[in-house]
Structure formats: structure tokens, C-alpha cells
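Reproduced below: work.txt, with compact mmCIF, C-alpha atoms and all ligand atoms.
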```txt
# COMPACT_ATOMS: atom_id res chain seq x y z
CA MET A 2 71.57 -81.45 -136.53
CA PHE A 3 71.71 -82.66 -140.11
CA ILE A 4 68.53 -82.20 -142.16
CA THR A 5 67.99 -83.35 -145.73
CA PHE A 6 65.21 -82.72 -148.24
CA GLU A 7 64.18 -85.16 -150.94
CA GLY A 8 61.56 -85.47 -153.65
CA LEU A 9 60.93 -85.43 -157.37
CA ASP A 10 62.08 -82.47 -159.43
CA PHE A 11 59.51 -79.65 -159.08
CA CYS A 12 58.21 -80.90 -155.70
CA GLY A 13 59.00 -77.53 -154.09
CA LYS A 14 62.08 -78.52 -152.06
CA SER A 15 64.10 -75.44 -152.88
CA THR A 16 61.40 -73.07 -151.57
CA GLN A 17 61.12 -75.09 -148.36
CA VAL A 18 64.86 -75.31 -147.65
CA SER A 19 65.15 -71.54 -147.96
CA LEU A 20 62.15 -70.97 -145.67
CA LEU A 21 63.56 -73.37 -143.08
CA LYS A 22 66.98 -71.71 -143.17
CA ALA A 23 65.38 -68.28 -142.67
CA TYR A 24 63.33 -69.62 -139.75
CA LEU A 25 66.31 -71.22 -138.00
CA GLU A 26 68.33 -68.04 -138.40
CA SER A 27 65.43 -66.01 -137.00
CA ILE A 28 65.75 -68.03 -133.79
CA SER A 29 69.52 -67.45 -133.78
CA LEU A 30 70.71 -70.88 -134.84
CA LYS A 31 73.81 -71.11 -137.02
CA THR A 32 72.58 -72.71 -140.23
CA LEU A 33 74.29 -73.84 -143.40
CA LEU A 34 72.37 -74.58 -146.57
CA LEU A 35 73.84 -76.90 -149.22
CA ARG A 36 72.62 -78.33 -152.49
CA GLU A 37 73.51 -81.62 -154.10
CA PRO A 38 75.29 -82.24 -156.32
CA GLY A 39 77.55 -79.32 -155.42
CA GLY A 40 78.57 -77.35 -152.35
CA THR A 41 82.38 -77.42 -152.76
CA GLU A 42 84.55 -76.20 -155.63
CA ILE A 43 85.24 -79.77 -156.76
CA SER A 44 81.62 -80.86 -156.30
CA GLU A 45 80.31 -77.90 -158.33
CA LYS A 46 82.59 -78.93 -161.22
CA ILE A 47 81.22 -82.47 -161.00
CA ARG A 48 77.69 -80.99 -160.93
CA ASP A 49 78.32 -79.21 -164.24
CA ILE A 50 79.38 -82.50 -165.85
CA LEU A 51 76.37 -84.35 -164.42
CA LEU A 52 73.69 -81.87 -165.47
CA ASP A 53 75.10 -80.84 -168.86
CA LYS A 54 72.68 -81.92 -171.59
CA LYS A 55 75.62 -82.30 -173.97
CA ASN A 56 76.67 -85.34 -171.92
CA SER A 57 73.79 -87.44 -173.21
CA ARG A 58 76.17 -90.38 -173.69
CA MET A 59 76.96 -90.64 -169.97
CA VAL A 60 76.53 -94.25 -168.85
CA MET A 61 74.61 -94.91 -165.63
CA GLU A 62 77.68 -96.35 -163.91
CA ALA A 63 79.61 -93.12 -164.52
CA GLU A 64 76.58 -91.10 -163.36
CA LEU A 65 76.39 -93.05 -160.10
CA LEU A 66 80.09 -92.64 -159.38
CA LEU A 67 80.07 -88.93 -160.18
CA PHE A 68 77.15 -88.22 -157.81
CA SER A 69 78.99 -90.27 -155.19
CA ALA A 70 82.30 -88.50 -155.78
CA SER A 71 80.67 -85.10 -155.44
CA ARG A 72 79.05 -86.20 -152.17
CA ALA A 73 82.23 -87.78 -150.73
CA GLN A 74 83.99 -84.43 -151.14
CA LEU A 75 81.09 -82.47 -149.64
CA VAL A 76 80.80 -84.73 -146.59
CA ARG A 77 84.49 -84.47 -145.65
CA ASP A 78 85.14 -80.90 -146.74
CA VAL A 79 82.00 -79.25 -145.38
CA ILE A 80 79.30 -81.33 -143.69
CA ILE A 81 81.34 -83.05 -140.96
CA PRO A 82 83.43 -79.95 -140.06
CA LYS A 83 80.32 -77.73 -139.92
CA LEU A 84 78.35 -80.20 -137.79
CA ASN A 85 81.34 -80.33 -135.43
CA GLU A 86 81.27 -76.53 -135.22
CA GLY A 87 77.65 -76.72 -134.04
CA PHE A 88 75.92 -75.67 -137.26
CA ILE A 89 72.58 -77.01 -138.34
CA VAL A 90 73.31 -78.32 -141.83
CA ILE A 91 70.47 -78.50 -144.37
CA SER A 92 71.04 -80.26 -147.67
CA ASP A 93 68.77 -79.98 -150.68
CA ARG A 94 69.11 -83.68 -151.69
CA PHE A 95 71.59 -86.22 -150.30
CA HIS A 96 72.25 -89.96 -150.57
CA ASP A 97 68.55 -90.91 -150.72
CA SER A 98 68.48 -89.22 -154.15
CA THR A 99 71.05 -91.77 -155.31
CA THR A 100 68.92 -94.65 -154.05
CA ALA A 101 65.82 -93.22 -155.76
CA TYR A 102 67.31 -91.94 -159.05
CA GLN A 103 70.22 -94.31 -159.73
CA GLY A 104 68.88 -97.33 -157.80
CA PHE A 105 65.17 -97.32 -158.63
CA GLY A 106 65.21 -94.96 -161.63
CA ARG A 107 68.17 -96.41 -163.52
CA GLY A 108 67.90 -99.89 -162.04
CA ILE A 109 71.40 -100.23 -160.57
CA ASP A 110 71.74 -102.98 -157.95
CA LEU A 111 70.37 -101.67 -154.64
CA ASP A 112 72.72 -103.62 -152.39
CA PHE A 113 75.65 -102.11 -154.22
CA ILE A 114 74.18 -98.61 -153.90
CA THR A 115 73.60 -99.11 -150.17
CA LYS A 116 77.25 -100.13 -149.71
CA LEU A 117 78.50 -97.27 -151.86
CA ASN A 118 76.31 -94.77 -150.00
CA SER A 119 77.69 -95.81 -146.62
CA PHE A 120 81.27 -95.69 -147.94
CA VAL A 121 80.57 -92.15 -149.17
CA ILE A 122 78.71 -90.68 -146.19
CA GLN A 123 80.36 -92.59 -143.30
CA ASN A 124 78.80 -91.22 -140.09
CA ALA A 125 77.06 -88.29 -141.73
CA LEU A 126 73.61 -89.86 -141.70
CA PRO A 127 70.78 -87.28 -141.66
CA ASP A 128 68.85 -86.89 -138.39
CA ILE A 129 65.73 -86.25 -140.43
CA THR A 130 64.80 -86.39 -144.09
CA PHE A 131 61.81 -84.40 -145.32
CA PHE A 132 60.33 -86.15 -148.34
CA ILE A 133 58.05 -83.76 -150.19
CA ASP A 134 55.87 -86.13 -152.13
CA ILE A 135 54.07 -85.30 -155.37
CA THR A 136 52.78 -87.68 -158.02
CA VAL A 137 54.46 -87.93 -161.41
CA GLU A 138 51.35 -86.32 -162.95
CA GLU A 139 51.71 -83.33 -160.61
CA ALA A 140 55.44 -83.09 -161.37
CA LYS A 141 54.64 -83.12 -165.09
CA LYS A 142 52.07 -80.35 -164.74
CA ARG A 143 54.58 -78.18 -162.90
CA LYS A 144 57.32 -79.00 -165.38
CA GLU A 145 55.11 -77.93 -168.30
CA LYS A 146 54.43 -74.62 -166.58
CA ASN A 147 58.19 -74.12 -166.25
CA GLN A 148 58.99 -75.12 -169.80
CA PHE A 149 60.67 -71.78 -170.45
CA PHE A 150 63.36 -72.76 -167.93
CA ASN A 151 66.26 -74.76 -169.19
CA LEU A 152 65.70 -78.37 -168.14
CA ASP A 153 68.90 -80.25 -167.18
CA ARG A 154 70.11 -83.70 -168.33
CA ILE A 155 68.14 -85.55 -165.63
CA GLU A 156 64.98 -83.40 -165.83
CA ILE A 157 64.44 -84.33 -169.49
CA SER A 158 63.83 -87.96 -168.41
CA ASN A 159 60.45 -89.56 -169.19
CA ASP A 160 57.46 -90.35 -166.94
CA ASP A 161 58.40 -93.98 -166.63
CA PHE A 162 61.75 -93.00 -165.11
CA TYR A 163 60.08 -90.57 -162.69
CA GLN A 164 57.51 -93.18 -161.65
CA LYS A 165 60.35 -95.50 -160.66
CA VAL A 166 62.09 -92.68 -158.79
CA ARG A 167 58.92 -91.94 -156.83
CA ASN A 168 58.51 -95.65 -156.01
CA GLY A 169 62.08 -95.50 -154.70
CA TYR A 170 61.23 -92.66 -152.36
CA LEU A 171 58.07 -94.40 -151.15
CA TYR A 172 60.18 -97.51 -150.47
CA SER A 173 62.71 -95.50 -148.43
CA ALA A 174 59.90 -93.70 -146.58
CA GLU A 175 58.57 -97.10 -145.46
CA LYS A 176 61.97 -98.43 -144.53
CA GLU A 177 63.77 -95.50 -142.92
CA LYS A 178 62.53 -94.11 -139.63
CA ARG A 179 64.19 -90.75 -140.27
CA PHE A 180 61.92 -90.17 -143.32
CA PHE A 181 59.10 -87.67 -142.80
CA ARG A 182 56.71 -87.67 -145.73
CA ILE A 183 54.81 -84.49 -146.55
CA ASP A 184 52.01 -84.10 -149.07
CA GLY A 185 53.61 -81.79 -151.65
CA THR A 186 50.25 -80.55 -152.96
CA LYS A 187 49.65 -78.64 -149.71
CA SER A 188 50.32 -74.89 -149.73
CA ILE A 189 53.81 -73.48 -149.20
CA ASP A 190 52.78 -72.19 -145.75
CA GLU A 191 51.19 -75.45 -144.67
CA ILE A 192 54.29 -77.42 -145.65
CA HIS A 193 56.60 -74.93 -143.96
CA ASN A 194 54.56 -75.12 -140.74
CA GLU A 195 54.67 -78.92 -140.71
CA ILE A 196 58.45 -78.80 -141.11
CA LYS A 197 58.85 -76.11 -138.45
CA GLU A 198 56.75 -78.07 -135.97
CA LYS A 199 58.79 -81.22 -136.48
CA ILE A 200 62.12 -79.40 -136.19
CA ASN A 201 61.02 -77.50 -133.06
CA PHE A 202 60.07 -80.80 -131.48
CA MET A 203 63.45 -82.31 -132.36
CA LEU A 204 65.28 -79.27 -130.99
CA GLU A 205 63.40 -79.60 -127.71
CA VAL A 206 64.29 -83.28 -127.50
CA LYS A 207 67.95 -82.41 -128.11
CA ARG A 208 67.83 -79.78 -125.38
CA GLY A 209 66.30 -82.34 -123.03
CA ILE A 210 62.96 -80.53 -122.68
CA LYS A 211 60.93 -83.42 -124.14
P1 LIG B 1 68.99 -79.87 -159.42
O1 LIG B 1 68.91 -78.83 -160.48
O2 LIG B 1 69.74 -79.58 -158.19
O3 LIG B 1 67.53 -80.35 -159.15
P2 LIG B 1 66.58 -80.10 -157.93
O4 LIG B 1 66.47 -78.61 -157.77
O5 LIG B 1 65.30 -80.76 -158.36
O6 LIG B 1 67.20 -80.79 -156.75
O7 LIG B 1 69.54 -81.17 -160.14
C1 LIG B 1 69.82 -82.32 -159.50
C2 LIG B 1 69.34 -83.44 -160.39
O8 LIG B 1 70.16 -84.57 -160.16
C3 LIG B 1 67.92 -83.86 -160.06
O9 LIG B 1 67.22 -84.16 -161.26
C4 LIG B 1 68.10 -85.13 -159.26
C5 LIG B 1 69.39 -85.69 -159.75
N1 LIG B 1 70.16 -86.45 -158.76
C6 LIG B 1 70.41 -87.81 -158.98
O10 LIG B 1 69.99 -88.37 -160.00
N2 LIG B 1 71.16 -88.50 -158.05
C7 LIG B 1 71.69 -87.92 -156.94
O11 LIG B 1 72.36 -88.58 -156.12
C8 LIG B 1 71.43 -86.50 -156.73
C9 LIG B 1 71.98 -85.79 -155.53
C10 LIG B 1 70.65 -85.82 -157.68
```

Reformat the file's structure so that it appears as C-alpha cells.
Ligand code: TYD
Amino acid sequence: MFITFEGLDFCGKSTQVSLLKAYLESISLKTLLLREPGGTEISEKIRDILLDKKNSRMVMEAELLLFSASRAQLVRDVIIPKLNEGFIVISDRFHDSTTAYQGFGRGIDLDFITKLNSFVIQNALPDITFFIDITVEEAKKRKEKNQFFNLDRIEISNDDFYQKVRNGYLYSAEKEKRFFRIDGTKSIDEIHNEIKEKINFMLEVKRGIK
């Protein structure tokens, strides 16, 4: 099973991916957790270029291709082999981030992004995508609380950009059946339980119980 998590920066994804991994391991399932961009030696180097604030001159076309390059490597090097070995693979962000951030956020042609995404991911389409949804106002509140952390090149973007990104996610949530939207203002436990319930149901379906 291939599970991805999506949402605005500060939506709480990272906490939830870790909790889900711990849960799946507690029921003896082999689980691999990845983050995007990154997850292979080459992809981590690309990540450094992408998130480095010194690269403020990066054009959006280069940004799109770098996220895609990082992902192309991760899919072939790690995701497909691990799925074939029977692992449950969880990725903190995947191609839907490109649709939301580069497509809706930056305004790059969506048809082109859709084609590029399928060239990059081939058959590695997620079985389910948890979209942890918070408003831009909520994201801003959380960001201000975390101001002492170093914000990366993308996180320093303005509200207008983030509003477009959120619209992008809402668009995908409408369009894609695999999207499962969760209210990101719920408590950590509530969100974790919703995710667990959904995954348990999917595991039972896979085992032929439901
Ligand atoms: P990261 O520190 O991993 O953020 P988070 O913990 O919120 O996932 O940084 C990834 C940043 O890159 C994040 O701001 C979203 C952005 N991004 C894109 O713009 N396009 C993409 O395709 C991906 C994967 C991420």
C-alpha cells in the first residue's frame, strides 16, 4: 500500500506520518517513511538546492523540474522496489504538492503539470492521500508561533501564494477519489484515529475481509 500526506506547511502532517508509522509497526507491518523532496542521496541534494533561501533567484520552471527530478529518482530507487517487497510506503508529500504549489501557487499550466507528474511517477499512484486541511489564517498563526525556527525558501511565501495552494488542494480533493480530507484543526489524537480507521478498513478490504 502506498499512502501519501498533503497539506499546507504547518498543517501537522509530520506528526501524523510518524504516528501512523508507529501504529503500522505496532501491528507488525513493514513500513517505510519518506519525505519529499528527499529520500535518496540524489534527492536530498536536490532538496538542499530547492529549500535554500540563498536561491531566491530560482525561476518557477527550474523549481518545477527540480521537484520532479527529485521525485523521479525516489520513485525508481525506493518507492517501487519497496512496494514490490511488500512494504507499506508512506510519503510526507508527493506529486499532489507539485499540482498545488507549482500549478496553483505559481500558476504553471496544469495540463503540463499533469503530464509531467505522470511521466515522473509512472504506476506509483498513491492508494490513498490524506489531505490535512487548515485555512491560510490557521497556517499563519502556527507559523508565527514557530518564528524561531528557520523558515525555508518556500515557507517565506506570502498569504496570497498559500491561498492559491490551498485552493489547489481543495480542487484535487474534489477531483481525486483517493483524496481523504481531514479537518486539521482537530486534535492530534482525533486526526490520528480518523487515519487509523481508514487504513484499517483499507487493509481489511485488501485482505478480502470486507
Ligand atoms: P518541508 O520542509 O519538507 O516542508 P513540510 O514539512 O511542510 O512538508 O519543505 C517542503 C516544501 O516544498 C514545502 O513548503 C512544500 C514545497 N513543495 C513544493 O512546492 N512542491 C513539491 O512538489 C513538494 C514535494 C514540496

* Residues within 8 Å of ligand LIG 1 (chain B) should be enumerated using all atoms listed in the file and returned as JSON, numbers by chain. => {"A": [7, 8, 9, 10, 11, 12, 14, 15, 36, 37, 38, 51, 52, 64, 65, 68, 69, 72, 93, 94, 95, 96, 97, 98, 99, 100, 101, 102, 103, 153, 154, 155, 156]}

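The neighbours of region 197-211 of chain A here are the residues that come within 12 Å of it, using only C-alpha atoms and leaving out any residue fewer than 4 positions away in the same chain; they are Met2, Phe3, Ile4, Thr5, Gln17, Val18, Leu20, Leu21, Lys22, Ala23, Tyr24, Leu25, Ile28, Leu30, Ile89, Ile91, Asp128, Ile129, Thr130, Phe131, Arg179, Phe180, Phe181, Arg182, Ile183, Asp190, Glu191, Ile192 and His193 of chain A.
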
Please report, as lines of an AutoDock Vina configuration file, the centre and edge lengths in Å to one decimal of an axis-aligned box covering all listed atoms of region 59-62 of chain A with 5 Å per side.
```
center_x = 76.1
center_y = -93.5
center_z = -166.9
size_x = 13.1
size_y = 15.7
size_z = 16.1
```

* To do: Extract, using all atoms listed in the file, all DNA, RNA and protein residues at most 10 Å from Ile43 (chain A), discarding same-chain residues fewer than 3 positions from it, and format them as a PyMOL selection string.
  => chain A and resi 39-40+46-48+70-71+74-75

Keeping only C-alpha atoms, write the selected residues to a file as a PDB file, in the coordinates of the input.
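Contents of again_14.pdb, freshly written:
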```pdb
ATOM      1  CA  GLY A  39      77.550 -79.320-155.420  1.00  0.00           C
ATOM      2  CA  GLY A  40      78.570 -77.350-152.350  1.00  0.00           C
ATOM      3  CA  LYS A  46      82.590 -78.930-161.220  1.00  0.00           C
ATOM      4  CA  ILE A  47      81.220 -82.470-161.000  1.00  0.00           C
ATOM      5  CA  ARG A  48      77.690 -80.990-160.930  1.00  0.00           C
ATOM      6  CA  ALA A  70      82.300 -88.500-155.780  1.00  0.00           C
ATOM      7  CA  SER A  71      80.670 -85.100-155.440  1.00  0.00           C
ATOM      8  CA  GLN A  74      83.990 -84.430-151.140  1.00  0.00           C
ATOM      9  CA  LEU A  75      81.090 -82.470-149.640  1.00  0.00           C
TER      10      LEU A  75
END
```

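With all atoms listed in the file as the basis for measurement, A:Gly13 is the residue among A:Gly13, A:Pro127, A:Pro82, A:Gly169 that approaches Lys144 (chain A) most closely.
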
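What separates CA of Leu35 (chain A) from CA of Val90 (chain A) is a distance of 7.5 Å.
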
* Counting all atoms listed in the file, the residue of A:Asn124, A:Ser173, A:Asn168, A:Asn118 that sits nearest Leu66 (chain A) ->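 Using all atoms listed in the file, Leu66 (chain A) sits closest to A:Asn118.
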
* Between CA of Leu152 (chain A) and CA of Phe105 (chain A), what is the distance, to one decimal in Å? ->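 These two atoms are separated by 21.2 Å.
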
* To do: State, in Å with one decimal place, the distance from CA of Glu45 (chain A) to CA of Ala73 (chain A).
  =>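 If I compute the distance from CA of Glu45 (chain A) to CA of Ala73 (chain A), I get 12.6 Å.
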
* A:Arg77, A:Gly87, A:Lys178, A:Lys142: which is nearest Gln123 (chain A), counting only C-alpha atoms? ->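 For Gln123 (chain A), the nearest of the candidates is A:Arg77.
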